[in-house]
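S.K.: Structure file final_15.pdb, PDB, C-alpha atoms, is pasted below:
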```pdb
MODEL        1
ATOM      1  CA  VAL O   1      65.892  31.781 -88.592
ATOM      2  CA  VAL O   2      64.408  35.170 -87.696
ATOM      3  CA  LEU O   3      62.942  35.637 -91.182
ATOM      4  CA  SER O   4      61.474  32.139 -91.252
ATOM      5  CA  VAL O   5      59.685  32.799 -87.948
ATOM      6  CA  THR O   6      58.538  36.358 -88.636
ATOM      7  CA  THR O   7      57.387  36.048 -92.263
ATOM      8  CA  SER O   8      54.456  34.002 -93.437
ATOM      9  CA  GLY O   9      55.849  33.090 -96.850
ATOM     10  CA  PHE O  10      59.394  31.972 -95.986
ATOM     11  CA  LEU O  11      58.746  28.322 -95.097
ATOM     12  CA  THR O  12      56.157  27.703 -97.800
ATOM     13  CA  GLU O  13      56.685  24.888-100.281
ATOM     14  CA  LYS O  14      56.920  27.330-103.185
ATOM     15  CA  ASN O  15      59.614  29.436-101.526
ATOM     16  CA  ILE O  16      61.689  26.466-100.360
ATOM     17  CA  ILE O  17      61.679  24.991-103.881
ATOM     18  CA  ASN O  18      62.616  28.393-105.308
ATOM     19  CA  VAL O  19      65.530  28.734-102.856
ATOM     20  CA  LEU O  20      66.754  25.226-103.685
ATOM     21  CA  ARG O  21      66.645  26.041-107.393
ATOM     22  CA  GLN O  22      68.608  29.253-106.823
ATOM     23  CA  VAL O  23      71.361  27.500-104.851
ATOM     24  CA  SER O  24      71.587  24.535-107.233
ATOM     25  CA  TYR O  25      74.363  26.118-109.325
ATOM     26  CA  ASN O  26      76.473  26.913-106.269
ATOM     27  CA  GLY O  27      75.781  23.467-104.880
ATOM     28  CA  VAL O  28      77.110  21.760-107.994
ATOM     29  CA  ILE O  29      80.270  23.907-107.829
ATOM     30  CA  ALA O  30      80.627  23.191-104.113
ATOM     31  CA  VAL O  31      80.789  19.442-104.758
ATOM     32  CA  GLY O  32      83.809  19.940-107.013
ATOM     33  CA  MET O  33      85.344  22.556-104.724
ATOM     34  CA  THR O  34      85.166  20.104-101.816
ATOM     35  CA  PHE O  35      87.739  17.874-103.516
ATOM     36  CA  VAL O  36      90.107  20.801-104.094
ATOM     37  CA  ILE O  37      89.753  22.130-100.539
ATOM     38  CA  ILE O  38      90.374  18.663 -99.086
ATOM     39  CA  THR O  39      93.789  18.635-100.784
ATOM     40  CA  GLY O  40      94.578  21.982 -99.149
ATOM     41  CA  ASN O  41      94.074  24.150-102.222
ATOM     42  CA  ILE O  42      91.505  26.611-103.588
ATOM     43  CA  ASP O  43      90.060  27.486-106.988
ATOM     44  CA  LEU O  44      89.113  31.122-107.578
ATOM     45  CA  SER O  45      88.494  30.618-111.309
ATOM     46  CA  VAL O  46      85.081  28.948-110.989
ATOM     47  CA  GLY O  47      83.200  32.208-111.566
ATOM     48  CA  GLY O  48      84.899  32.706-114.918
ATOM     49  CA  VAL O  49      84.405  29.028-115.775
ATOM     50  CA  VAL O  50      80.668  29.251-115.052
ATOM     51  CA  GLY O  51      80.315  32.339-117.233
ATOM     52  CA  LEU O  52      82.275  30.913-120.158
ATOM     53  CA  ALA O  53      80.463  27.571-119.995
ATOM     54  CA  ALA O  54      77.094  29.339-119.929
ATOM     55  CA  ILE O  55      77.726  31.513-122.976
ATOM     56  CA  VAL O  56      79.326  28.697-124.997
ATOM     57  CA  ALA O  57      76.558  26.231-124.138
ATOM     58  CA  CYS O  58      73.949  28.828-125.116
ATOM     59  CA  ASP O  59      75.778  29.463-128.393
ATOM     60  CA  PHE O  60      75.466  25.762-129.254
ATOM     61  CA  ALA O  61      71.841  25.508-128.097
ATOM     62  CA  HIS O  62      69.987  27.312-130.868
ATOM     63  CA  PRO O  63      66.903  25.484-132.196
ATOM     64  CA  GLY O  64      67.644  23.001-134.994
ATOM     65  CA  GLU O  65      71.432  23.483-135.070
ATOM     66  CA  TYR O  66      73.053  20.938-132.749
ATOM     67  CA  PRO O  67      71.779  18.150-130.507
ATOM     68  CA  LEU O  68      71.482  19.222-126.861
ATOM     69  CA  ILE O  69      74.254  16.832-125.824
ATOM     70  CA  ILE O  70      76.725  18.723-128.030
ATOM     71  CA  ALA O  71      76.142  21.985-126.147
ATOM     72  CA  ILE O  72      76.687  20.200-122.834
ATOM     73  CA  LEU O  73      79.779  18.279-123.951
ATOM     74  CA  VAL O  74      81.457  21.348-125.462
ATOM     75  CA  ALA O  75      80.960  23.238-122.203
ATOM     76  CA  LEU O  76      82.269  20.340-120.105
ATOM     77  CA  GLY O  77      85.261  19.989-122.434
ATOM     78  CA  ILE O  78      86.144  23.630-121.821
ATOM     79  CA  GLY O  79      85.962  22.964-118.099
ATOM     80  CA  ALA O  80      88.293  19.991-118.346
ATOM     81  CA  LEU O  81      90.803  22.076-120.302
ATOM     82  CA  VAL O  82      90.727  24.973-117.831
ATOM     83  CA  GLY O  83      91.083  22.572-114.910
ATOM     84  CA  LEU O  84      94.014  20.871-116.612
ATOM     85  CA  ILE O  85      95.777  24.203-117.123
ATOM     86  CA  ASN O  86      95.194  25.206-113.500
ATOM     87  CA  GLY O  87      96.323  21.837-112.203
ATOM     88  CA  ILE O  88      99.510  21.721-114.273
ATOM     89  CA  GLY O  89     100.435  25.273-113.297
ATOM     90  CA  ILE O  90      99.946  24.499-109.606
ATOM     91  CA  ALA O  91     101.350  20.962-109.470
ATOM     92  CA  TYR O  92     104.293  21.215-111.869
ATOM     93  CA  GLY O  93     104.783  24.973-112.162
ATOM     94  CA  HIS O  94     104.543  25.408-108.388
ATOM     95  CA  VAL O  95     102.452  28.548-108.822
ATOM     96  CA  PRO O  96     100.410  29.200-105.643
ATOM     97  CA  ALA O  97      96.807  28.104-106.170
ATOM     98  CA  PHE O  98      95.485  31.519-105.138
ATOM     99  CA  ILE O  99      97.556  33.302-107.793
ATOM    100  CA  MET O 100      97.086  30.702-110.538
ATOM    101  CA  THR O 101      93.326  30.463-110.306
ATOM    102  CA  LEU O 102      92.795  34.189-109.741
ATOM    103  CA  GLY O 103      94.785  34.842-112.920
ATOM    104  CA  THR O 104      92.788  32.207-114.802
ATOM    105  CA  ASN O 105      89.538  33.803-113.641
ATOM    106  CA  THR O 106      90.644  37.209-114.935
ATOM    107  CA  ILE O 107      91.630  35.714-118.290
ATOM    108  CA  LEU O 108      88.338  33.826-118.617
ATOM    109  CA  ARG O 109      86.302  36.955-117.954
ATOM    110  CA  GLY O 110      88.171  38.640-120.787
ATOM    111  CA  VAL O 111      87.565  35.644-123.055
ATOM    112  CA  ILE O 112      83.835  35.826-122.259
ATOM    113  CA  MET O 113      83.704  39.434-123.414
ATOM    114  CA  LEU O 114      85.681  38.673-126.579
ATOM    115  CA  TYR O 115      83.687  35.532-127.393
ATOM    116  CA  ASN O 116      80.480  37.384-128.180
ATOM    117  CA  ASN O 117      81.601  41.026-128.151
ATOM    118  CA  GLY O 118      79.788  41.585-124.868
ATOM    119  CA  LYS O 119      76.389  40.786-126.420
ATOM    120  CA  PRO O 120      73.800  38.324-125.076
ATOM    121  CA  VAL O 121      73.103  35.003-126.798
ATOM    122  CA  LEU O 122      69.425  34.776-127.736
ATOM    123  CA  ASN O 123      67.006  32.272-129.315
ATOM    124  CA  LEU O 124      67.751  29.165-127.251
ATOM    125  CA  SER O 125      66.060  25.822-127.810
ATOM    126  CA  GLU O 126      63.230  24.779-125.498
ATOM    127  CA  GLN O 127      65.077  21.551-124.665
ATOM    128  CA  TYR O 128      68.058  23.509-123.372
ATOM    129  CA  GLN O 129      65.949  25.967-121.401
ATOM    130  CA  ALA O 130      64.154  23.041-119.754
ATOM    131  CA  ILE O 131      67.411  22.142-117.979
ATOM    132  CA  GLY O 132      67.172  25.350-115.980
ATOM    133  CA  SER O 133      63.448  26.007-115.763
ATOM    134  CA  GLY O 134      61.784  22.623-116.261
ATOM    135  CA  TYR O 135      60.165  20.399-113.636
ATOM    136  CA  LEU O 136      59.951  16.687-112.941
ATOM    137  CA  GLY O 137      56.660  16.541-111.137
ATOM    138  CA  LYS O 138      56.853  19.368-108.600
ATOM    139  CA  ILE O 139      60.639  19.335-108.328
ATOM    140  CA  PRO O 140      62.718  21.681-110.551
ATOM    141  CA  ILE O 141      65.222  19.894-112.785
ATOM    142  CA  PRO O 142      68.176  21.948-111.372
ATOM    143  CA  VAL O 143      67.350  20.583-107.894
ATOM    144  CA  ILE O 144      67.264  17.023-109.235
ATOM    145  CA  ILE O 145      70.636  17.605-110.907
ATOM    146  CA  LEU O 146      72.038  18.976-107.645
ATOM    147  CA  ILE O 147      70.891  15.914-105.706
ATOM    148  CA  ALA O 148      72.411  13.622-108.348
ATOM    149  CA  VAL O 149      75.730  15.512-108.248
ATOM    150  CA  LEU O 150      75.784  15.427-104.426
ATOM    151  CA  LEU O 151      75.312  11.659-104.482
ATOM    152  CA  LEU O 152      77.988  11.310-107.158
ATOM    153  CA  GLY O 153      80.447  13.401-105.145
ATOM    154  CA  TRP O 154      79.759  11.373-101.989
ATOM    155  CA  PHE O 155      80.236   8.098-103.874
ATOM    156  CA  ILE O 156      83.510   9.177-105.505
ATOM    157  CA  LEU O 157      84.943  10.512-102.254
ATOM    158  CA  ASN O 158      83.951   7.556-100.074
ATOM    159  CA  LYS O 159      83.748   4.530-102.351
ATOM    160  CA  THR O 160      86.462   4.917-104.988
ATOM    161  CA  ARG O 161      90.238   4.710-105.092
ATOM    162  CA  PHE O 162      90.405   8.262-106.399
ATOM    163  CA  GLY O 163      88.430   9.538-103.427
ATOM    164  CA  ARG O 164      90.627   7.704-100.940
ATOM    165  CA  HIS O 165      93.721   9.171-102.564
ATOM    166  CA  VAL O 166      92.237  12.680-102.386
ATOM    167  CA  LEU O 167      91.636  12.220 -98.668
ATOM    168  CA  ALA O 168      95.147  10.844 -98.217
ATOM    169  CA  VAL O 169      96.762  13.792-100.011
ATOM    170  CA  GLY O 170      94.708  16.172 -97.900
ATOM    171  CA  GLY O 171      95.834  14.420 -94.751
ATOM    172  CA  ASN O 172      99.557  14.472 -95.506
ATOM    173  CA  GLU O 173     101.156  15.044 -98.906
ATOM    174  CA  GLU O 174     104.570  13.642 -98.011
ATOM    175  CA  THR O 175     103.165  10.478 -96.445
ATOM    176  CA  SER O 176     100.931   9.999 -99.483
ATOM    177  CA  ARG O 177     103.920  10.394-101.798
ATOM    178  CA  LEU O 178     105.912   7.829 -99.811
ATOM    179  CA  ALA O 179     102.924   5.485 -99.976
ATOM    180  CA  GLY O 180     103.112   5.567-103.778
ATOM    181  CA  ILE O 181     100.367   8.093-104.543
ATOM    182  CA  ASN O 182     101.114  10.476-107.391
ATOM    183  CA  VAL O 183     100.325  13.674-105.490
ATOM    184  CA  ASP O 184     100.780  16.009-108.464
ATOM    185  CA  LYS O 185      98.448  13.892-110.591
ATOM    186  CA  MET O 186      95.823  13.941-107.844
ATOM    187  CA  LYS O 187      96.006  17.734-107.640
ATOM    188  CA  ILE O 188      95.553  18.045-111.389
ATOM    189  CA  LEU O 189      92.578  15.674-111.364
ATOM    190  CA  THR O 190      90.872  17.587-108.571
ATOM    191  CA  TYR O 191      91.198  20.825-110.549
ATOM    192  CA  VAL O 192      89.806  19.140-113.645
ATOM    193  CA  PHE O 193      86.906  17.850-111.547
ATOM    194  CA  VAL O 194      86.007  21.203-110.000
ATOM    195  CA  SER O 195      86.189  22.950-113.392
ATOM    196  CA  VAL O 196      83.936  20.329-114.988
ATOM    197  CA  MET O 197      81.463  20.797-112.120
ATOM    198  CA  ALA O 198      81.651  24.582-112.601
ATOM    199  CA  CYS O 199      80.905  24.122-116.299
ATOM    200  CA  PHE O 200      77.977  21.891-115.427
ATOM    201  CA  ALA O 201      76.724  24.680-113.184
ATOM    202  CA  GLY O 202      77.240  27.103-116.073
ATOM    203  CA  VAL O 203      75.090  24.957-118.349
ATOM    204  CA  ILE O 204      72.293  25.059-115.754
ATOM    205  CA  TYR O 205      72.801  28.784-115.196
ATOM    206  CA  GLY O 206      72.604  29.589-118.902
ATOM    207  CA  ALA O 207      69.509  27.446-119.314
ATOM    208  CA  ARG O 208      67.844  29.040-116.292
ATOM    209  CA  PHE O 209      68.282  32.650-117.380
ATOM    210  CA  ALA O 210      68.260  32.005-121.160
TER
ENDMDL
END
```
In structure tokens, what does this structure look like?
M.R.:
Amino acid sequence: VVLSVTTSGFLTEKNIINVLRQVSYNGVIAVGMTFVIITGNIDLSVGGVVGLAAIVACDFAHPGEYPLIIAILVALGIGALVGLINGIGIAYGHVPAFIMTLGTNTILRGVIMLYNNGKPVLNLSEQYQAIGSGYLGKIPIPVIILIAVLLLGWFILNKTRFGRHVLAVGGNEETSRLAGINVDKMKILTYVFVSVMACFAGVIYGARFA
């Protein structure tokens, strides 16, 4: 508030759009994290998931090698797998979410280094880079993606059976179990969802910074 009042450039259209673009990755992750937090858990592995998704997506986004959709789907598939591992470990292995996801994050950061020997991935296709730096009119594509993901998250949470079950589990696990909800399955699905969202953020992140 102080900066917006005391600086002339803070509330300009250009700066606001730039800020929105910068927070778009975190916003996409936050939509997925909301589902996990509602169930009373946490996911500390999203940083590693974002990094791995970014470098893998970039590796599949060289000009003339693969269609753009392949780079995105491979990254999202990695997210689903990581989320499944986290969810199974927490729901069926009864490992505390803090420990499970912190361990996963450490492992993923090691995998990132091994994947490309610590070197950057260069020579990305223009179509892929447009995801992070392109515009639709005056609005950056990452901001449009963020708005779409926010609407999707709201719809799933408020208008679907899955969303109602997530809210129920967050309200009271035992009551939800007695009501016939598969609580362990819901936990696993929420971890898959947040990891897929983190991978989506990683795709945007990789495209933005190339």
S.K.: I need the residue nearest O:Ile107 from this list: O:Thr175, O:Ser4, O:Asn123, O:Ser45. Use all atoms listed in the file for the distance.
M.R.: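 Closest residue, counting all atoms listed in the file: O:Ser45.
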S.K.: The PyMOL selection byres ((chain O and resi 203) around 8) on the file shown: which residues, as a list of chain:residue names?
M.R.: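 Going through the file, the PyMOL selection byres ((chain O and resi 203) around 8) ends up selecting O:Val50, O:Ala53, O:Ala54, O:Ala57, O:Cys58, O:Ile72, O:Ala75, O:Cys199, O:Phe200, O:Ala201, O:Gly202, O:Ile204, O:Tyr205, O:Gly206, O:Ala207.
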S.K.: Using the file's own x, y and z axes, what box holds all listed atoms of stretch 143-148 of chain O with 6 Å on each side, keeping edges along x, y and z, and what are its centre and edge lengths in Å to one decimal, as lines of an AutoDock Vina configuration file?
M.R.:
```
center_x = 69.8
center_y = 17.1
center_z = -108.3
size_x = 17.1
size_y = 19.0
size_z = 17.2
```
S.K.: List the residues matched by the PyMOL selection byres ((chain O and resi 147) around 12) in the displayed structure as a list in words, ordered by chain and then by residue number.
M.R.: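 Applying the PyMOL selection byres ((chain O and resi 147) around 12) to the structure shown produces Leu20, Arg21, Val23, Ser24, Tyr25, Gly27, Val28, Val31, Ile139, Pro140, Ile141, Pro142, Val143, Ile144, Ile145, Leu146, Ala148, Val149, Leu150, Leu151, Leu152, Gly153 and Trp154 of chain O.
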S.K.: Determine, counting only C-alpha atoms, which protein, DNA and RNA residues have an atom within 9 Å of an atom of O:Tyr191; residues of the same chain fewer than 2 positions away are not included. Present the result as a PyMOL selection string.
M.R.: chain O and resi 32-33+35-36+43+80+82-87+186-189+193-196
S.K.: May I ask which of the residues O:Val95, O:Val5, O:Ala61, O:Val166 is the closest one to O:Thr190, counting all atoms listed in the file?
M.R.: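 Once distances to O:Thr190 are computed over all atoms listed in the file, the minimum belongs to O:Val166.
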S.K.: Nearest to O:Asn41: which of O:Gln129, O:Thr101, O:Asn117, O:Asn158 is it, counting all atoms listed in the file?
M.R.: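 Checking each candidate against O:Asn41, we get O:Thr101 as the closest.
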S.K.: Report, in Å to a single decimal, how far apart atom CA of O:Ile70 and atom CA of O:Ala130 are.
M.R.: 15.7 Å
S.K.: If you measure from atom CA of O:Ile131 to atom CA of O:Gln22, what distance in Å do you get, rounded to one decimal?
M.R.: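 Between atom CA of O:Ile131 and atom CA of O:Gln22 the gap is 13.3 Å.
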S.K.: Could you check the closest approach to O:Ala91 for each of O:Asp184, O:Glu126, O:Gly103, O:Gly47 and tell me which residue wins, using only C-alpha atoms?
M.R.: O:Asp184
S.K.: For a test of reading the model, state the distance in Å between atom CA of O:Gly171 and atom CA of O:Ile37, rounded to one decimal.
M.R.: 11.4 Å
S.K.: Take stretch 147-158 of chain O, bring it up to all heavy atoms, and give me the output as a tab-separated table (two decimals), in the frame of the given file.
M.R.:
```tsv
chain	number	residue	atom	x	y	z
O	147	ILE	N	70.94	17.12	-106.54
O	147	ILE	CA	70.89	15.91	-105.71
O	147	ILE	C	71.74	14.81	-106.33
O	147	ILE	O	72.50	14.12	-105.63
O	147	ILE	CB	69.43	15.44	-105.53
O	147	ILE	CG1	68.65	16.48	-104.71
O	147	ILE	CG2	69.38	14.08	-104.85
O	147	ILE	CD1	67.16	16.22	-104.67
O	148	ALA	N	71.63	14.65	-107.66
O	148	ALA	CA	72.41	13.62	-108.35
O	148	ALA	C	73.91	13.88	-108.22
O	148	ALA	O	74.71	12.96	-107.99
O	148	ALA	CB	72.01	13.56	-109.82
O	149	VAL	N	74.31	15.15	-108.36
O	149	VAL	CA	75.73	15.51	-108.25
O	149	VAL	C	76.23	15.31	-106.82
O	149	VAL	O	77.36	14.85	-106.60
O	149	VAL	CB	75.95	16.97	-108.71
O	149	VAL	CG1	77.36	17.44	-108.38
O	149	VAL	CG2	75.71	17.09	-110.21
O	150	LEU	N	75.41	15.66	-105.83
O	150	LEU	CA	75.78	15.43	-104.43
O	150	LEU	C	76.03	13.94	-104.16
O	150	LEU	O	77.02	13.57	-103.52
O	150	LEU	CB	74.68	15.94	-103.50
O	150	LEU	CG	74.58	17.46	-103.33
O	150	LEU	CD1	73.28	17.82	-102.60
O	150	LEU	CD2	75.77	18.00	-102.57
O	151	LEU	N	75.15	13.10	-104.66
O	151	LEU	CA	75.31	11.66	-104.48
O	151	LEU	C	76.56	11.16	-105.21
O	151	LEU	O	77.29	10.30	-104.68
O	151	LEU	CB	74.06	10.93	-104.99
O	151	LEU	CG	72.78	11.15	-104.17
O	151	LEU	CD1	71.59	10.51	-104.87
O	151	LEU	CD2	72.94	10.61	-102.76
O	152	LEU	N	76.80	11.70	-106.40
O	152	LEU	CA	77.99	11.31	-107.16
O	152	LEU	C	79.25	11.71	-106.41
O	152	LEU	O	80.20	10.91	-106.29
O	152	LEU	CB	77.97	11.98	-108.53
O	152	LEU	CG	79.23	11.77	-109.41
O	152	LEU	CD1	79.38	10.29	-109.76
O	152	LEU	CD2	79.16	12.62	-110.66
O	153	GLY	N	79.28	12.94	-105.90
O	153	GLY	CA	80.45	13.40	-105.14
O	153	GLY	C	80.70	12.55	-103.91
O	153	GLY	O	81.84	12.19	-103.62
O	154	TRP	N	79.62	12.22	-103.19
O	154	TRP	CA	79.76	11.37	-101.99
O	154	TRP	C	80.31	10.00	-102.37
O	154	TRP	O	81.20	9.48	-101.70
O	154	TRP	CB	78.40	11.22	-101.31
O	154	TRP	CG	78.44	10.27	-100.14
O	154	TRP	CD1	78.76	10.57	-98.85
O	154	TRP	CD2	78.20	8.86	-100.18
O	154	TRP	NE1	78.72	9.43	-98.08
O	154	TRP	CE2	78.38	8.37	-98.86
O	154	TRP	CE3	77.84	7.97	-101.18
O	154	TRP	CZ2	78.21	7.03	-98.53
O	154	TRP	CZ3	77.68	6.62	-100.86
O	154	TRP	CH2	77.86	6.16	-99.55
O	155	PHE	N	79.79	9.43	-103.45
O	155	PHE	CA	80.24	8.10	-103.87
O	155	PHE	C	81.71	8.11	-104.27
O	155	PHE	O	82.49	7.25	-103.85
O	155	PHE	CB	79.39	7.62	-105.06
O	155	PHE	CG	79.81	6.28	-105.59
O	155	PHE	CD1	79.40	5.11	-104.96
O	155	PHE	CD2	80.62	6.19	-106.72
O	155	PHE	CE1	79.79	3.87	-105.44
O	155	PHE	CE2	81.02	4.96	-107.20
O	155	PHE	CZ	80.61	3.79	-106.57
O	156	ILE	N	82.11	9.11	-105.06
O	156	ILE	CA	83.51	9.18	-105.50
O	156	ILE	C	84.44	9.34	-104.31
O	156	ILE	O	85.48	8.67	-104.22
O	156	ILE	CB	83.71	10.35	-106.49
O	156	ILE	CG1	82.96	10.08	-107.79
O	156	ILE	CG2	85.20	10.57	-106.78
O	156	ILE	CD1	82.98	11.23	-108.77
O	157	LEU	N	84.06	10.21	-103.39
O	157	LEU	CA	84.94	10.51	-102.25
O	157	LEU	C	85.04	9.35	-101.27
O	157	LEU	O	86.10	9.13	-100.67
O	157	LEU	CB	84.43	11.76	-101.53
O	157	LEU	CG	85.41	12.46	-100.57
O	157	LEU	CD1	86.67	12.89	-101.30
O	157	LEU	CD2	84.73	13.66	-99.93
O	158	ASN	N	83.99	8.59	-101.11
O	158	ASN	CA	83.95	7.56	-100.07
O	158	ASN	C	84.08	6.12	-100.58
O	158	ASN	O	84.42	5.23	-99.79
O	158	ASN	CB	82.65	7.67	-99.27
O	158	ASN	CG	82.58	8.94	-98.45
O	158	ASN	OD1	83.14	9.02	-97.37
O	158	ASN	ND2	81.90	9.95	-98.97
```
